[in-house]
Each structure stands twice: as C-alpha cells, then as structure tokens.
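S.K.: Contents of coords-v4.cif (mmCIF, C-alpha atoms) are below:
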data_work
loop_
_atom_site.group_PDB
_atom_site.id
_atom_site.type_symbol
_atom_site.label_atom_id
_atom_site.label_comp_id
_atom_site.auth_asym_id
_atom_site.auth_seq_id
_atom_site.Cartn_x
_atom_site.Cartn_y
_atom_site.Cartn_z
ATOM 1 C CA MET A 16 -8.038 71.749 39.754
ATOM 2 C CA ARG A 17 -6.930 69.350 42.496
ATOM 3 C CA PRO A 18 -3.799 67.258 41.950
ATOM 4 C CA ALA A 19 -3.683 63.463 42.131
ATOM 5 C CA ARG A 20 -3.512 62.116 45.694
ATOM 6 C CA SER A 21 -4.964 65.286 47.242
ATOM 7 C CA LEU A 22 -7.506 64.912 50.035
ATOM 8 C CA LEU A 23 -10.895 66.252 48.935
ATOM 9 C CA LEU A 24 -12.992 65.245 51.966
ATOM 10 C CA ARG A 25 -11.760 63.993 55.348
ATOM 11 C CA GLN A 26 -13.519 61.352 57.431
ATOM 12 C CA GLY A 27 -14.880 62.909 60.630
ATOM 13 C CA ASP A 28 -14.934 66.508 59.347
ATOM 14 C CA PRO A 29 -18.165 68.501 59.527
ATOM 15 C CA ALA A 30 -20.364 68.483 56.420
ATOM 16 C CA THR A 31 -19.972 72.089 55.287
ATOM 17 C CA HIS A 32 -20.167 71.513 51.530
ATOM 18 C CA VAL A 33 -20.762 69.124 48.653
ATOM 19 C CA ILE A 34 -18.265 68.543 45.857
ATOM 20 C CA MET A 35 -19.325 68.192 42.234
ATOM 21 C CA LEU A 36 -16.712 66.181 40.353
ATOM 22 C CA ASP A 37 -16.470 67.669 36.856
ATOM 23 C CA ALA A 38 -13.412 65.679 35.718
ATOM 24 C CA GLY A 39 -11.152 63.034 37.204
ATOM 25 C CA SER A 40 -11.707 60.099 39.514
ATOM 26 C CA THR A 41 -11.591 59.677 43.274
ATOM 27 C CA LEU A 42 -11.230 56.961 45.894
ATOM 28 C CA VAL A 43 -13.703 56.784 48.758
ATOM 29 C CA THR A 44 -11.860 55.273 51.727
ATOM 30 C CA LEU A 45 -12.676 54.362 55.299
ATOM 31 C CA THR A 46 -9.956 54.537 57.949
ATOM 32 C CA GLY A 47 -10.104 52.289 61.007
ATOM 33 C CA GLN A 48 -8.973 53.089 64.537
ATOM 34 C CA ARG A 49 -5.455 51.706 63.931
ATOM 35 C CA GLY A 50 -4.971 53.610 60.668
ATOM 36 C CA GLU A 51 -5.938 50.758 58.340
ATOM 37 C CA ARG A 52 -7.732 51.914 55.204
ATOM 38 C CA ALA A 53 -10.346 50.187 53.080
ATOM 39 C CA LEU A 54 -11.449 51.188 49.598
ATOM 40 C CA LEU A 55 -15.237 51.591 49.615
ATOM 41 C CA ALA A 56 -15.821 52.998 46.152
ATOM 42 C CA VAL A 57 -14.384 54.812 43.173
ATOM 43 C CA ARG A 58 -16.222 57.870 41.879
ATOM 44 C CA GLY A 59 -15.845 59.539 38.483
ATOM 45 C CA ALA A 60 -16.814 62.650 36.577
ATOM 46 C CA GLY A 61 -20.415 63.678 37.141
ATOM 47 C CA ASP A 62 -20.595 62.309 40.689
ATOM 48 C CA LEU A 63 -21.512 64.221 43.823
ATOM 49 C CA LEU A 64 -19.254 63.775 46.828
ATOM 50 C CA GLY A 65 -20.213 64.374 50.443
ATOM 51 C CA GLU A 66 -23.914 64.914 49.857
ATOM 52 C CA LEU A 67 -25.074 62.280 52.355
ATOM 53 C CA ALA A 68 -23.306 63.959 55.269
ATOM 54 C CA VAL A 69 -24.844 67.286 54.250
ATOM 55 C CA LEU A 70 -28.316 65.750 53.993
ATOM 56 C CA ASP A 71 -28.192 64.138 57.448
ATOM 57 C CA GLU A 72 -26.082 66.921 59.040
ATOM 58 C CA GLN A 73 -23.550 64.442 60.424
ATOM 59 C CA PRO A 74 -19.734 64.336 60.164
ATOM 60 C CA ARG A 75 -18.186 62.765 57.062
ATOM 61 C CA THR A 76 -18.181 58.963 57.306
ATOM 62 C CA ALA A 77 -15.362 58.461 54.786
ATOM 63 C CA SER A 78 -12.489 60.283 53.122
ATOM 64 C CA VAL A 79 -12.285 61.090 49.427
ATOM 65 C CA ILE A 80 -8.865 61.186 47.720
ATOM 66 C CA ALA A 81 -8.157 62.263 44.137
ATOM 67 C CA ALA A 82 -7.011 59.194 42.180
ATOM 68 C CA GLU A 83 -5.905 61.503 39.356
ATOM 69 C CA ALA A 84 -6.001 65.251 38.741
ATOM 70 C CA CYS A 85 -9.597 66.357 39.382
ATOM 71 C CA HIS A 86 -11.617 69.391 38.444
ATOM 72 C CA VAL A 87 -14.129 70.047 41.214
ATOM 73 C CA ARG A 88 -16.791 72.567 42.151
ATOM 74 C CA ILE A 89 -17.495 73.283 45.810
ATOM 75 C CA VAL A 90 -21.147 73.879 46.715
ATOM 76 C CA PRO A 91 -21.844 75.212 50.233
ATOM 77 C CA ALA A 92 -24.206 72.980 52.247
ATOM 78 C CA SER A 93 -26.862 75.690 52.505
ATOM 79 C CA ASP A 94 -26.913 76.209 48.714
ATOM 80 C CA PHE A 95 -27.078 72.459 48.081
ATOM 81 C CA LEU A 96 -29.939 71.957 50.543
ATOM 82 C CA ALA A 97 -31.877 74.893 49.070
ATOM 83 C CA PHE A 98 -31.445 73.452 45.557
ATOM 84 C CA VAL A 99 -32.582 69.986 46.702
ATOM 85 C CA GLU A 100 -35.655 71.512 48.379
ATOM 86 C CA GLU A 101 -36.530 73.801 45.478
ATOM 87 C CA HIS A 102 -36.307 71.012 42.885
ATOM 88 C CA ARG A 103 -37.762 68.251 45.101
ATOM 89 C CA LEU A 104 -34.678 66.058 44.749
ATOM 90 C CA LEU A 105 -34.788 64.280 48.106
ATOM 91 C CA ALA A 106 -36.437 61.099 46.719
ATOM 92 C CA PRO A 107 -33.966 60.726 43.799
ATOM 93 C CA LEU A 108 -31.065 61.376 46.184
ATOM 94 C CA LEU A 109 -32.386 58.685 48.521
ATOM 95 C CA ARG A 110 -32.525 56.164 45.655
ATOM 96 C CA HIS A 111 -28.984 57.197 44.688
ATOM 97 C CA ALA A 112 -27.803 56.680 48.283
ATOM 98 C CA ILE A 113 -29.344 53.198 48.372
ATOM 99 C CA THR A 114 -27.489 52.297 45.160
ATOM 100 C CA ARG A 115 -24.232 53.433 46.755
ATOM 101 C CA VAL A 116 -24.886 51.376 49.883
ATOM 102 C CA ARG A 117 -25.436 48.306 47.704
ATOM 103 C CA GLU A 118 -22.183 48.984 45.835
ATOM 104 C CA ALA A 119 -20.312 49.315 49.134
ATOM 105 C CA GLU A 120 -21.798 46.030 50.375
ATOM 106 C CA ALA A 121 -20.608 44.248 47.224
ATOM 107 C CA VAL A 122 -17.089 45.653 47.726
ATOM 108 C CA ARG A 123 -17.092 44.559 51.389
ATOM 109 C CA LEU A 124 -18.150 41.032 50.413
ATOM 110 C CA GLU A 125 -15.405 40.903 47.790
ATOM 111 C CA LEU A 126 -12.809 42.115 50.324
ATOM 112 C CA SER A 127 -13.778 39.382 52.761
ATOM 113 C CA THR A 128 -14.085 36.461 50.328
ATOM 114 C CA ALA A 129 -12.089 36.980 47.109
ATOM 115 C CA SER A 130 -8.412 36.224 46.514
ATOM 116 C CA VAL A 131 -5.868 39.068 46.479
ATOM 117 C CA PRO A 132 -5.512 39.079 42.667
ATOM 118 C CA VAL A 133 -9.289 39.275 42.229
ATOM 119 C CA ARG A 134 -9.591 42.083 44.812
ATOM 120 C CA LEU A 135 -6.716 43.992 43.205
ATOM 121 C CA ALA A 136 -8.039 43.496 39.659
ATOM 122 C CA SER A 137 -11.483 44.679 40.764
ATOM 123 C CA ALA A 138 -10.078 47.793 42.440
ATOM 124 C CA LEU A 139 -8.008 48.613 39.345
ATOM 125 C CA GLY A 140 -11.084 47.972 37.197
ATOM 126 C CA ARG A 141 -13.171 50.419 39.243
ATOM 127 C CA LEU A 142 -10.393 53.000 38.834
ATOM 128 C CA SER A 143 -10.309 52.377 35.080
ATOM 129 C CA ASP A 144 -14.083 52.689 34.793
ATOM 130 C CA ALA A 145 -14.117 55.992 36.682
ATOM 131 C CA ALA A 146 -11.056 57.514 34.982
ATOM 132 C CA SER A 147 -11.651 60.651 32.968
ATOM 133 C CA SER A 148 -9.008 59.754 30.399
ATOM 134 C CA ALA A 149 -10.125 58.132 27.161
ATOM 135 C CA ALA A 150 -6.555 56.886 26.576
ATOM 136 C CA SER A 151 -5.972 53.140 26.560
ATOM 137 C CA ASP A 152 -3.328 53.456 29.310
ATOM 138 C CA LEU A 153 -4.344 54.646 32.791
ATOM 139 C CA VAL A 154 -1.944 55.888 35.450
ATOM 140 C CA VAL A 155 -2.956 55.017 39.013
ATOM 141 C CA ARG A 156 -1.013 57.291 41.366
ATOM 142 C CA LEU A 157 -1.062 54.889 44.308
ATOM 143 C CA THR A 158 1.843 53.000 45.831
ATOM 144 C CA GLN A 159 1.787 49.249 46.393
ATOM 145 C CA THR A 160 1.405 49.954 50.106
ATOM 146 C CA GLU A 161 -1.665 52.131 49.478
ATOM 147 C CA LEU A 162 -3.159 49.551 47.148
ATOM 148 C CA SER A 163 -2.559 46.836 49.728
ATOM 149 C CA GLN A 164 -4.283 48.871 52.444
ATOM 150 C CA MET A 165 -7.236 49.533 50.205
ATOM 151 C CA ILE A 166 -7.883 45.895 49.360
ATOM 152 C CA GLY A 167 -7.039 44.508 52.795
ATOM 153 C CA ALA A 168 -3.900 42.604 51.793
ATOM 154 C CA SER A 169 -0.195 42.684 52.574
ATOM 155 C CA ARG A 170 2.189 44.673 50.382
ATOM 156 C CA ASN A 171 3.937 41.403 49.452
ATOM 157 C CA ALA A 172 0.638 39.826 48.362
ATOM 158 C CA VAL A 173 -0.057 42.819 46.106
ATOM 159 C CA GLY A 174 3.475 42.564 44.677
ATOM 160 C CA ASN A 175 2.935 38.865 43.981
ATOM 161 C CA ALA A 176 -0.381 39.590 42.245
ATOM 162 C CA LEU A 177 1.218 42.313 40.108
ATOM 163 C CA ARG A 178 4.238 40.221 39.059
ATOM 164 C CA PRO A 179 2.606 38.123 36.296
ATOM 165 C CA TRP A 180 0.711 41.188 35.039
ATOM 166 C CA ARG A 181 3.995 43.124 34.771
ATOM 167 C CA GLU A 182 5.675 40.209 33.004
ATOM 168 C CA ALA A 183 2.801 40.074 30.490
ATOM 169 C CA GLY A 184 3.064 43.840 29.922
ATOM 170 C CA TRP A 185 -0.470 44.547 31.186
ATOM 171 C CA VAL A 186 0.800 46.843 33.946
ATOM 172 C CA ALA A 187 4.024 48.806 34.490
ATOM 173 C CA THR A 188 5.509 50.910 37.251
ATOM 174 C CA GLU A 189 5.542 54.648 36.532
ATOM 175 C CA SER A 190 8.796 56.558 37.112
ATOM 176 C CA GLY A 191 6.909 59.224 39.093
ATOM 177 C CA GLY A 192 5.224 56.613 41.274
ATOM 178 C CA GLY A 193 2.142 54.524 40.780
ATOM 179 C CA LEU A 194 1.053 52.053 38.145
ATOM 180 C CA LEU A 195 0.412 52.320 34.440
ATOM 181 C CA ILE A 196 -2.499 50.036 33.562
ATOM 182 C CA ARG A 197 -2.209 48.936 29.947
ATOM 183 C CA ASN A 198 -4.783 46.133 29.696
ATOM 184 C CA ILE A 199 -7.400 45.991 32.452
ATOM 185 C CA ASP A 200 -9.440 43.347 30.615
ATOM 186 C CA ALA A 201 -6.473 40.945 30.532
ATOM 187 C CA ILE A 202 -5.700 41.670 34.210
ATOM 188 C CA GLN A 203 -9.260 40.916 35.292
ATOM 189 C CA SER A 204 -9.498 37.797 33.135
ATOM 190 C CA HIS A 205 -6.190 36.464 34.515
ATOM 191 C CA ALA A 206 -7.182 37.204 38.124
ATOM 192 C CA HIS A 207 -10.458 35.316 37.790
ATOM 193 C CA THR A 208 -8.862 32.285 36.079
ATOM 194 C CA GLN A 209 -6.319 32.056 38.902
ATOM 195 C CA ALA A 210 -8.955 32.305 41.669
#
Kindly transcribe the structure held in the file into structure tokens.
M.R.:
Amino acid sequence: MRPARSLLLRQGDPATHVIMLDAGSTLVTLTGQRGERALLAVRGAGDLLGELAVLDEQPRTASVIAAEACHVRIVPASDFLAFVEEHRLLAPLLRHAITRVREAEAVRLELSTASVPVRLASALGRLSDAASSAASDLVVRLTQTELSQMIGASRNAVGNALRPWREAGWVATESGGGLLIRNIDAIQSHAHTQA
C-alpha cells in the first residue's frame, strides 16, 4: 500500500520496473526545467504505469504520484518484457500507447485554450473518474498550489474558481489538507456555463 501523495515513478529515472495499479488513482505529471508541473493524465485501478519506458528502454518521461492511497504491484522490467513476448502483447500495448498519447494531446489543448474553471473542473473530473472509492464524496489530497501547477494557472485563479463551488457546497476543504469533492457533475456544469 502506498499512501496518498507518495511518488510512485520519477521523471528521468531508469525504467527498471512496471507498476500494476490494483486500487487507487494516480496523477501523471511532467516537470519543466524551472520546476513547473503539468498534469498529463489521471490513472486508476487496473492501469499499468511505466510500461512505455520499459518497452523502449529509455528513462521515465513523467512522474506518477498517488492521488489517494494506492495498492500497487511492482513487476521487474525483465519479467514484464518476457510476459509481453510470451503472450504476443506488443501490438495491443502499442494501441494502448496511442490512446494515451491522444488523451495527453486533448489535455494539452485544454490547458492552452480553456478557462481556469474549465481546466480545474476537468482535472477534478478525471480524478473522480479514476478514484477507487464508490462513495459520493471524493477527497483529493492536493493543495491549491499543486492544483494550480497542474492546470497551468495561478493559485489565486484556482481559489477564485473554487469559491462559487465552495459556496454552493459542491466542494469543501478537508481539515487534513486537500479538497472534498461532493458534486463533480455540478462543478463541471457550472464551469462550462461560465466559460
């Protein structure tokens, strides 16, 4: 079990293993040269993490952070590659990689063109979709600063986007840090009507 906010894979590290995510959700982030971070994707239970770097034998291109407590299985690169070879999985993995590239392109377009509320609502929606909890409320263990970095906005802009959602009761601040998302559908609807 890995706690929320723990680093599962680090950008630039060698590809020594693949992670199978049995439970929980993760954030796939890219860090720029000046320390700025961008949210590329959210991954949930059943996803593989780090397989592309293992397949092309290159360093990790992104970091993976636990968005909530995660249950993971570590598979050494040699075991993963042997399994892929034995079961002829290279073609399905290639199709899977192409799907992920398309998802990342859609996120990049959104980050460069959408308003802050829309970007924030979309990021929270991806977290909600990937969350392992079936409960109606979801806790996102990220600070406003981290959320702002991940959607390419200022901390103040994120605070301004959150304000009407807090007032409506759709989101609340957790005492231990992070956000409690109570109504992601209302948040996303409001963000898009304000855009």
S.K.: Skipping near chain neighbours, those fewer than 3 positions away, what residues fall within 9 Å of Val154 of chain A using all atoms listed in the file, listed as a compact mmCIF listing (two decimals) with C-alpha atoms, in the coordinates of the input?
M.R.:
# COMPACT_ATOMS: atom_id res chain seq x y z
CA GLU A 83 -5.90 61.50 39.36
CA LEU A 157 -1.06 54.89 44.31
CA GLU A 189 5.54 54.65 36.53
CA GLY A 193 2.14 54.52 40.78
CA LEU A 194 1.05 52.05 38.15
CA LEU A 195 0.41 52.32 34.44
CA ILE A 196 -2.50 50.04 33.56
CA ARG A 197 -2.21 48.94 29.95
S.K.: So that I can see what lies close to Gln203 of chain A, please list as a PDB file with C-alpha atoms, in the frame of the given file the residues with an atom at most 8 Å from it, counting all atoms listed in the file and leaving out residues fewer than 6 positions away in the same chain.
M.R.:
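Written output follows (selection38.pdb):
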ATOM      1  CA  VAL A 133      -9.289  39.275  42.229  1.00  0.00           C
ATOM      2  CA  ALA A 136      -8.039  43.496  39.659  1.00  0.00           C
ATOM      3  CA  SER A 137     -11.483  44.679  40.764  1.00  0.00           C
ATOM      4  CA  GLY A 140     -11.084  47.972  37.197  1.00  0.00           C
TER       5      GLY A 140
END
S.K.: Return as a list of chain:residue names the set of residues that the PyMOL selection byres ((chain A and resi 168) around 10) yields on the displayed structure.
M.R.: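 Listing what the PyMOL selection byres ((chain A and resi 168) around 10) selects in the shown file: A:Leu126, A:Ser130, A:Val131, A:Pro132, A:Arg134, A:Leu135, A:Thr160, A:Leu162, A:Ser163, A:Gln164, A:Met165, A:Ile166, A:Gly167, A:Ser169, A:Arg170, A:Asn171, A:Ala172, A:Val173.
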S.K.: One decimal, in Å: what's the spacing between atom CA of Ala145 of chain A and atom CA of Asp62 of chain A?
M.R.: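 Calculated distance between atom CA of Ala145 of chain A and atom CA of Asp62 of chain A is 9.9 Å.
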S.K.: Find the distance between atom CA of Gln73 of chain A and atom CA of Leu124 of chain A and write it in Å to one decimal.
M.R.: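 Those two atoms sit 26.0 Å apart.
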S.K.: Using only C-alpha atoms, which protein or nucleic acid residues come within 8 Å of Glu66 of chain A? Drop anything in the same chain fewer than 5 positions from it, and give the result as a PyMOL selection string.
M.R.: chain A and resi 32-34
S.K.: Suppose a student applies the PyMOL selection byres ((chain A and resi 115) around 12) to this structure; what residues should they get, written as a list in words?
M.R.: Val43, Leu55, Ala56, Val57, Arg58, Asp62, Leu63, Leu64, Glu66, Leu67, Leu108, Leu109, Arg110, His111, Ala112, Ile113, Thr114, Val116, Arg117, Glu118, Ala119, Glu120, Ala121 and Val122 of chain A
S.K.: Env of Ala30 of chain A: 6 Å cut, atoms = only C-alpha atoms, seq-sep filter 5 positions within chain, self excluded. Answer as a PDB file with C-alpha atoms, in the coordinates of the input.
M.R.:
ATOM      1  CA  ALA A  68     -23.306  63.959  55.269  1.00  0.00           C
ATOM      2  CA  VAL A  69     -24.844  67.286  54.250  1.00  0.00           C
ATOM      3  CA  PRO A  74     -19.734  64.336  60.164  1.00  0.00           C
TER       4      PRO A  74
END
S.K.: For the provided coordinates, the residues matched by the PyMOL selection byres ((chain A and resi 90-98) around 6) should be stated as a list in words.
M.R.: Thr31, His32, Val33, Ile89, Val99, Glu100 and Glu101 of chain A
S.K.: Looking at A:Ala60, A:Ala53, A:Ile202, A:Leu45, which one is nearest to Leu177 of chain A, with distances taken over all atoms listed in the file?
M.R.: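 Among A:Ala60, A:Ala53, A:Ile202, A:Leu45, it is A:Ile202 that comes nearest to Leu177 of chain A.
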S.K.: First collect every listed atom of segment 126-136 of chain A; then fit an axis-aligned box around them, widen it by 5 Å on each side, and give centre and edge lengths in Å to one decimal, as AutoDock Vina command-line options.
M.R.:
--center_x -9.8 --center_y 40.1 --center_z 46.2 --size_x 18.6 --size_y 17.8 --size_z 23.1
S.K.: Can you list, as a ChimeraX atom specification, every protein, DNA or RNA residue that comes within 9 Å of Leu142 of chain A when you count all atoms listed in the file, leaving out same-chain residues fewer than 3 positions away?
M.R.: /A:40-42,57-59,82,137-139,145-146,153,155
S.K.: Please compute the atom CA of Trp185 of chain A-atom CA of His205 of chain A distance, one decimal, in Å.
M.R.: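 One can read the atom CA of Trp185 of chain A to atom CA of His205 of chain A distance as 10.4 Å.
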